[in-house]
$ cat structure.cif   # mmCIF, C-alpha atoms and all ligand atoms; chains and numbers go by the auth columns
data_coords
#
loop_
_atom_site.group_PDB
_atom_site.id
_atom_site.type_symbol
_atom_site.label_atom_id
_atom_site.label_comp_id
_atom_site.label_asym_id
_atom_site.label_seq_id
_atom_site.Cartn_x
_atom_site.Cartn_y
_atom_site.Cartn_z
_atom_site.B_iso_or_equiv
_atom_site.auth_seq_id
_atom_site.auth_asym_id
ATOM 1 C CA MET A 1 88.662 101.575 75.685 0.00 30 A
ATOM 2 C CA LYS A 2 88.309 98.371 77.682 0.00 31 A
ATOM 3 C CA LYS A 3 85.214 97.654 79.743 0.00 32 A
ATOM 4 C CA LEU A 4 85.525 96.853 83.426 0.00 33 A
ATOM 5 C CA THR A 5 84.035 93.643 84.770 0.00 34 A
ATOM 6 C CA LYS A 6 83.834 92.312 88.333 0.00 35 A
ATOM 7 C CA LYS A 7 86.561 89.794 87.574 0.00 36 A
ATOM 8 C CA ILE A 8 88.880 92.449 86.178 0.00 37 A
ATOM 9 C CA ALA A 9 88.125 94.804 89.067 0.00 38 A
ATOM 10 C CA LYS A 10 89.092 92.088 91.561 0.00 39 A
ATOM 11 C CA ARG A 11 92.267 91.427 89.602 0.00 40 A
ATOM 12 C CA LEU A 12 93.120 95.146 89.663 0.00 41 A
ATOM 13 C CA ALA A 13 92.558 95.261 93.443 0.00 42 A
ATOM 14 C CA LYS A 14 95.006 92.392 93.890 0.00 43 A
ATOM 15 C CA LYS A 15 97.511 93.881 91.476 0.00 44 A
ATOM 16 C CA TYR A 16 97.611 97.276 93.158 0.00 45 A
ATOM 17 C CA LEU A 17 96.884 96.490 96.789 0.00 46 A
ATOM 18 C CA PHE A 18 99.182 93.487 97.313 0.00 47 A
ATOM 19 C CA LYS A 19 102.338 95.509 97.336 0.00 48 A
ATOM 20 C CA LYS A 20 105.152 95.048 99.779 0.00 49 A
ATOM 21 C CA ASN A 21 105.243 98.645 100.940 0.00 50 A
ATOM 22 C CA LEU A 22 101.484 98.943 101.217 0.00 51 A
ATOM 23 C CA ASP A 23 99.577 98.556 104.459 0.00 52 A
ATOM 24 C CA PRO A 24 97.789 95.144 104.320 0.00 53 A
ATOM 25 C CA TYR A 25 94.742 96.925 105.711 0.00 54 A
ATOM 26 C CA HIS A 26 93.760 98.164 102.235 0.00 55 A
ATOM 27 C CA PHE A 27 93.072 94.790 100.666 0.00 56 A
ATOM 28 C CA ILE A 28 91.297 93.437 103.766 0.00 57 A
ATOM 29 C CA HIS A 29 89.166 96.605 103.782 0.00 58 A
ATOM 30 C CA THR A 30 88.424 96.334 100.056 0.00 59 A
ATOM 31 C CA ALA A 31 87.244 92.714 100.287 0.00 60 A
ATOM 32 C CA LYS A 32 84.958 93.711 103.188 0.00 61 A
ATOM 33 C CA VAL A 33 83.507 96.619 101.215 0.00 62 A
ATOM 34 C CA VAL A 34 82.632 94.172 98.415 0.00 63 A
ATOM 35 C CA GLN A 35 80.732 92.028 100.935 0.00 64 A
ATOM 36 C CA ALA A 36 79.018 95.110 102.379 0.00 65 A
ATOM 37 C CA VAL A 37 77.785 96.463 99.017 0.00 66 A
ATOM 38 C CA LYS A 38 76.297 93.045 98.232 0.00 67 A
ATOM 39 C CA ILE A 39 74.393 92.981 101.514 0.00 68 A
ATOM 40 C CA ILE A 40 73.220 96.605 101.336 0.00 69 A
ATOM 41 C CA SER A 41 72.117 96.470 97.681 0.00 70 A
ATOM 42 C CA LYS A 42 70.407 93.072 97.923 0.00 71 A
ATOM 43 C CA ASP A 43 66.842 94.402 97.866 0.00 72 A
ATOM 44 C CA LYS A 44 67.554 97.639 96.049 0.00 73 A
ATOM 45 C CA LYS A 45 67.042 98.583 92.418 0.00 74 A
ATOM 46 C CA VAL A 46 70.599 99.624 91.690 0.00 75 A
ATOM 47 C CA ASP A 47 73.380 98.527 89.361 0.00 76 A
ATOM 48 C CA LYS A 48 74.805 95.737 91.530 0.00 77 A
ATOM 49 C CA ASN A 49 77.439 94.839 88.968 0.00 78 A
ATOM 50 C CA LEU A 50 78.792 98.387 88.884 0.00 79 A
ATOM 51 C CA LEU A 51 78.683 98.586 92.670 0.00 80 A
ATOM 52 C CA GLU A 52 80.816 95.494 93.060 0.00 81 A
ATOM 53 C CA ILE A 53 83.273 96.769 90.458 0.00 82 A
ATOM 54 C CA CYS A 54 83.585 100.094 92.281 0.00 83 A
ATOM 55 C CA ALA A 55 83.978 98.361 95.634 0.00 84 A
ATOM 56 C CA TRP A 56 86.981 96.424 94.316 0.00 85 A
ATOM 57 C CA ILE A 57 88.711 99.412 92.791 0.00 86 A
ATOM 58 C CA HIS A 58 87.797 102.337 95.046 0.00 87 A
ATOM 59 C CA ASP A 59 91.085 102.326 96.982 0.00 88 A
ATOM 60 C CA ILE A 60 93.610 101.097 94.406 0.00 89 A
ATOM 61 C CA GLY A 61 94.964 104.657 94.305 0.00 90 A
ATOM 62 C CA TYR A 62 96.666 104.007 97.647 0.00 91 A
ATOM 63 C CA SER A 63 99.276 102.113 95.677 0.00 92 A
ATOM 64 C CA LEU A 64 100.432 105.470 94.270 0.00 93 A
ATOM 65 C CA ASP A 65 100.417 107.320 97.557 0.00 94 A
ATOM 66 C CA ASN A 66 100.162 105.433 100.797 0.00 95 A
ATOM 67 C CA SER A 67 100.283 108.465 103.039 0.00 96 A
ATOM 68 C CA PRO A 68 97.403 108.666 105.495 0.00 97 A
ATOM 69 C CA ASN A 69 94.708 111.332 105.187 0.00 98 A
ATOM 70 C CA ASN A 70 95.225 111.716 101.469 0.00 99 A
ATOM 71 C CA ASP A 71 91.521 111.594 100.845 0.00 100 A
ATOM 72 C CA PRO A 72 90.454 112.432 98.136 0.00 101 A
ATOM 73 C CA GLY A 73 93.943 112.098 96.636 0.00 102 A
ATOM 74 C CA HIS A 74 93.834 108.315 96.645 0.00 103 A
ATOM 75 C CA ALA A 75 90.364 108.305 95.041 0.00 104 A
ATOM 76 C CA GLU A 76 91.599 110.494 92.203 0.00 105 A
ATOM 77 C CA ASN A 77 94.605 108.204 91.907 0.00 106 A
ATOM 78 C CA SER A 78 92.280 105.203 91.633 0.00 107 A
ATOM 79 C CA LEU A 79 90.671 106.809 88.567 0.00 108 A
ATOM 80 C CA LYS A 80 94.078 107.687 87.165 0.00 109 A
ATOM 81 C CA LEU A 81 95.163 104.037 87.405 0.00 110 A
ATOM 82 C CA LEU A 82 91.990 102.877 85.646 0.00 111 A
ATOM 83 C CA LYS A 83 92.585 105.317 82.799 0.00 112 A
ATOM 84 C CA ASN A 84 96.257 104.298 82.568 0.00 113 A
ATOM 85 C CA GLU A 85 95.122 100.687 82.287 0.00 114 A
ATOM 86 C CA GLY A 86 92.858 101.702 79.385 0.00 115 A
ATOM 87 C CA TYR A 87 89.505 101.203 81.109 0.00 116 A
ATOM 88 C CA LYS A 88 86.466 103.312 80.406 0.00 117 A
ATOM 89 C CA VAL A 89 85.643 105.521 83.385 0.00 118 A
ATOM 90 C CA THR A 90 81.934 106.404 83.254 0.00 119 A
ATOM 91 C CA GLU A 91 80.288 109.282 85.126 0.00 120 A
ATOM 92 C CA LYS A 92 78.744 106.787 87.543 0.00 121 A
ATOM 93 C CA ILE A 93 82.116 105.208 88.296 0.00 122 A
ATOM 94 C CA LYS A 94 83.510 108.699 88.905 0.00 123 A
ATOM 95 C CA ASP A 95 80.647 109.543 91.257 0.00 124 A
ATOM 96 C CA CYS A 96 81.202 106.342 93.250 0.00 125 A
ATOM 97 C CA ILE A 97 84.977 106.543 93.495 0.00 126 A
ATOM 98 C CA LEU A 98 85.467 110.263 94.046 0.00 127 A
ATOM 99 C CA ASN A 99 82.744 110.506 96.694 0.00 128 A
ATOM 100 C CA HIS A 100 83.418 107.404 98.762 0.00 129 A
ATOM 101 C CA GLY A 101 85.210 109.324 101.528 0.00 130 A
ATOM 102 C CA SER A 102 83.548 110.867 104.589 0.00 131 A
ATOM 103 C CA LYS A 103 83.309 114.280 102.936 0.00 132 A
ATOM 104 C CA GLY A 104 81.970 112.977 99.634 0.00 133 A
ATOM 105 C CA ARG A 105 78.522 113.905 98.369 0.00 134 A
ATOM 106 C CA PRO A 106 77.604 111.127 95.932 0.00 135 A
ATOM 107 C CA LYS A 107 74.744 111.878 93.551 0.00 136 A
ATOM 108 C CA THR A 108 73.971 108.380 92.300 0.00 137 A
ATOM 109 C CA LYS A 109 72.294 105.590 94.269 0.00 138 A
ATOM 110 C CA GLU A 110 75.355 103.438 93.738 0.00 139 A
ATOM 111 C CA GLY A 111 77.645 106.179 95.040 0.00 140 A
ATOM 112 C CA LYS A 112 75.508 106.554 98.156 0.00 141 A
ATOM 113 C CA ILE A 113 75.640 102.827 98.850 0.00 142 A
ATOM 114 C CA LEU A 114 79.383 102.584 98.296 0.00 143 A
ATOM 115 C CA GLN A 115 80.032 105.464 100.693 0.00 144 A
ATOM 116 C CA ILE A 116 77.988 103.718 103.376 0.00 145 A
ATOM 117 C CA ALA A 117 79.620 100.345 102.725 0.00 146 A
ATOM 118 C CA VAL A 118 83.108 101.800 103.060 0.00 147 A
ATOM 119 C CA LYS A 119 82.414 102.672 106.687 0.00 148 A
ATOM 120 C CA PHE A 120 80.748 99.446 107.681 0.00 149 A
ATOM 121 C CA ASN A 121 83.569 96.992 107.808 0.00 150 A
ATOM 122 C CA ILE A 122 85.247 98.020 110.958 0.00 151 A
ATOM 123 C CA ILE A 123 85.214 95.036 113.291 0.00 152 A
ATOM 124 C CA ASP A 124 85.298 91.524 112.021 0.00 153 A
ATOM 125 C CA LYS A 125 87.648 88.583 112.359 0.00 154 A
ATOM 126 C CA ASP A 126 90.037 89.650 109.589 0.00 155 A
ATOM 127 C CA PHE A 127 90.297 93.189 110.844 0.00 156 A
ATOM 128 C CA LEU A 128 90.797 91.960 114.395 0.00 157 A
ATOM 129 C CA LYS A 129 93.627 89.725 113.157 0.00 158 A
ATOM 130 C CA TYR A 130 95.176 92.708 111.384 0.00 159 A
ATOM 131 C CA LEU A 131 94.979 94.833 114.538 0.00 160 A
ATOM 132 C CA ILE A 132 96.656 92.125 116.594 0.00 161 A
ATOM 133 C CA GLU A 133 99.344 91.335 114.032 0.00 162 A
ATOM 134 C CA GLU A 134 100.151 94.990 113.516 0.00 163 A
ATOM 135 C CA LYS A 135 100.210 95.480 117.302 0.00 164 A
ATOM 136 C CA ALA A 136 97.595 98.199 117.199 0.00 165 A
ATOM 137 C CA GLY A 137 98.635 101.276 119.135 0.00 166 A
ATOM 138 C CA GLY A 138 97.340 104.814 119.593 0.00 167 A
ATOM 139 C CA LYS A 139 97.150 105.562 115.883 0.00 168 A
ATOM 140 C CA GLU A 140 95.028 102.505 115.110 0.00 169 A
ATOM 141 C CA ILE A 141 92.801 103.028 118.132 0.00 170 A
ATOM 142 C CA LYS A 142 92.124 106.623 117.079 0.00 171 A
ATOM 143 C CA PHE A 143 91.290 105.354 113.593 0.00 172 A
ATOM 144 C CA LEU A 144 89.026 102.691 115.066 0.00 173 A
ATOM 145 C CA LYS A 145 87.136 105.287 117.122 0.00 174 A
ATOM 146 C CA LYS A 146 86.582 107.471 114.079 0.00 175 A
ATOM 147 C CA ARG A 147 85.505 104.563 111.921 0.00 176 A
ATOM 148 C CA THR A 148 83.106 103.308 114.582 0.00 177 A
ATOM 149 C CA SER A 149 81.413 106.686 114.906 0.00 178 A
ATOM 150 C CA ASP A 150 81.306 106.952 111.079 0.00 179 A
ATOM 151 C CA ALA A 151 79.674 103.510 110.920 0.00 180 A
ATOM 152 C CA VAL A 152 76.931 104.632 113.318 0.00 181 A
ATOM 153 C CA LYS A 153 76.325 107.750 111.188 0.00 182 A
ATOM 154 C CA MET A 154 76.155 105.618 108.058 0.00 183 A
ATOM 155 C CA LEU A 155 73.698 103.222 109.681 0.00 184 A
ATOM 156 C CA LYS A 156 71.354 106.183 110.144 0.00 185 A
ATOM 157 C CA ARG A 157 71.954 107.281 106.552 0.00 186 A
ATOM 158 C CA LEU A 158 71.248 103.759 105.310 0.00 187 A
ATOM 159 C CA LYS A 159 67.864 103.801 107.047 0.00 188 A
ATOM 160 C CA SER A 160 66.997 107.075 105.355 0.00 189 A
ATOM 161 C CA LEU A 161 67.728 105.845 101.804 0.00 190 A
ATOM 162 C CA LYS A 162 64.505 105.975 99.843 0.00 191 A
ATOM 163 C CA PHE A 163 65.256 103.453 97.132 0.00 192 A
HETATM 164 FE FE FE B . 89.173 105.183 100.361 0.00 201 B
#
$ encode --input "structure.cif" --output "structure tokens"
Amino acid sequence: MKKLTKKIAKRLAKKYLFKKNLDPYHFIHTAKVVQAVKIISKDKKVDKNLLEICAWIHDIGYSLDNSPNNDPGHAENSLKLLKNEGYKVTEKIKDCILNHGSKGRPKTKEGKILQIAVKFNIIDKDFLKYLIEEKAGGKEIKFLKKRTSDAVKMLKRLKSLKF
């Protein structure tokens, strides 16, 4: 069983998310989630290394099924890919990956932070560029509205974290 490192996790994100048929949103999103977990966990006593690893790999499962609304299907697929690659999937990694969606109920501190971070990256220069290049229409605007309201909810949840 191979052990995951941050470097490997980043490599896996590139390997699985830079695919021709895959929406470029996924890699942009993933890189933003990595930045967000670093900021959120800065002053917290959590496993920052594991958090960054999970941030890189949480959505690689989209490379198996790019259909929208397949949560938690893509999260389960992310774990499947890790196992196929021969990496050890610990209980904490499972908690983080499987619960990162809106309906997830993470038990670990790291899982709670990842879930918050996933919703925080909604408007920035790279995402704006993506929206313009992809000629954002009704579908993207609906998504943006949902993500914005999720981000506000997560901001409240972040304030209530007691660690
Ligand atoms: Fe996801």
$ residues_near_ligand --input "structure.cif" --ligand "ligand FE 201 (chain B)" --cutoff "7 Å" --atoms "all atoms listed in the file" --output "ChimeraX atom specification"
/A:87-88,100,103-104,129-130
$ resolve_selection --input "structure.cif" --expression "the PyMOL selection byres (((chain A and resi 192) around 12) and not hetatm)" --output "NGL selection string"
:A and (69-75 or 137-139 or 141-142 or 187-191)
$ closest_residue --input "structure.cif" --among "A:Lys123, A:His58, A:Lys136, A:Arg40" --to "Cys83 in chain A" --atoms "all atoms listed in the file"
A:Lys123
$ closest_residue --input "structure.cif" --among "A:Leu143, A:Leu33, A:Ile152, A:Ile170" --to "Cys125 in chain A" --atoms "all atoms listed in the file"
A:Leu143
$ closest_residue --input "structure.cif" --among "A:Asp124, A:Lys158, A:Gln144, A:Asp94" --to "Leu184 in chain A" --atoms "only C-alpha atoms"
A:Gln144
$ atom_distance --input "structure.cif" --atom1 "CA of Lys35 in chain A" --atom2 "CA of Ile82 in chain A"
5.0 Å
$ resolve_selection --input "structure.cif" --expression "the PyMOL selection byres (((chain A and resi 34) around 12) and not hetatm)" --output "JSON, numbers by chain"
{"A": [31, 32, 33, 35, 36, 37, 38, 39, 40, 41, 77, 78, 79, 80, 81, 82, 83, 84, 85, 86, 116, 117]}
$ closest_residue --input "structure.cif" --among "A:Tyr159, A:Tyr54, A:Phe149, A:Tyr91" --to "Val66 in chain A" --atoms "all atoms listed in the file"
A:Phe149
$ atom_distance --input "structure.cif" --atom1 "CA of Ile68 in chain A" --atom2 "CA of Lys48 in chain A"
28.4 Å
$ resolve_selection --input "structure.cif" --expression "the PyMOL selection byres (((chain A and resi 160) around 12) and not hetatm)" --output "list in words"
Asp52, Pro53, Tyr54, Ile57, Ile151, Ile152, Asp153, Lys154, Asp155, Phe156, Leu157, Lys158, Tyr159, Ile161, Glu162, Glu163, Lys164, Ala165, Gly166, Gly167, Lys168, Glu169, Ile170, Phe172 and Leu173 of chain A
$ atom_distance --input "structure.cif" --atom1 "CA of Lys132 in chain A" --atom2 "CA of Leu111 in chain A"
22.5 Å
$ closest_residue --input "structure.cif" --among "A:Arg176, A:Lys148, A:Lys44, A:Asp76" --to "Ile122 in chain A" --atoms "all atoms listed in the file"
A:Asp76
$ build_atoms --input "structure.cif" --residues "range 37-51 of chain A" --atoms "N, CA and C atoms" --output "short mmCIF file (atom, residue, chain, number, x, y, z; two decimals), in the coordinates of the input"
data_model
loop_
_atom_site.label_atom_id
_atom_site.label_comp_id
_atom_site.auth_asym_id
_atom_site.auth_seq_id
_atom_site.Cartn_x
_atom_site.Cartn_y
_atom_site.Cartn_z
N ILE A 37 87.74 91.56 86.43
CA ILE A 37 88.88 92.45 86.18
C ILE A 37 89.11 93.37 87.37
N ALA A 38 88.01 93.88 87.93
CA ALA A 38 88.12 94.80 89.07
C ALA A 38 88.81 94.11 90.25
N LYS A 39 88.46 92.85 90.47
CA LYS A 39 89.09 92.09 91.56
C LYS A 39 90.59 91.90 91.27
N ARG A 40 90.87 91.61 90.01
CA ARG A 40 92.27 91.43 89.60
C ARG A 40 93.07 92.73 89.81
N LEU A 41 92.44 93.86 89.48
CA LEU A 41 93.12 95.15 89.66
C LEU A 41 93.37 95.43 91.15
N ALA A 42 92.39 95.06 91.99
CA ALA A 42 92.56 95.26 93.44
C ALA A 42 93.76 94.46 93.94
N LYS A 43 93.87 93.22 93.46
CA LYS A 43 95.01 92.39 93.89
C LYS A 43 96.32 92.95 93.37
N LYS A 44 96.29 93.36 92.11
CA LYS A 44 97.51 93.88 91.48
C LYS A 44 98.05 95.11 92.22
N TYR A 45 97.14 96.02 92.57
CA TYR A 45 97.61 97.28 93.16
C TYR A 45 97.68 97.27 94.68
N LEU A 46 96.90 96.42 95.32
CA LEU A 46 96.88 96.49 96.79
C LEU A 46 97.77 95.46 97.48
N PHE A 47 98.23 94.44 96.74
CA PHE A 47 99.18 93.49 97.31
C PHE A 47 100.59 93.94 96.99
N LYS A 48 100.98 95.03 97.58
CA LYS A 48 102.34 95.51 97.34
C LYS A 48 103.08 95.51 98.65
N LYS A 49 104.35 95.19 98.57
CA LYS A 49 105.15 95.05 99.78
C LYS A 49 105.09 96.26 100.70
N ASN A 50 105.17 97.43 100.11
CA ASN A 50 105.24 98.64 100.94
C ASN A 50 103.87 99.17 101.36
N LEU A 51 102.84 98.46 100.95
CA LEU A 51 101.48 98.94 101.22
C LEU A 51 100.90 98.28 102.46
#
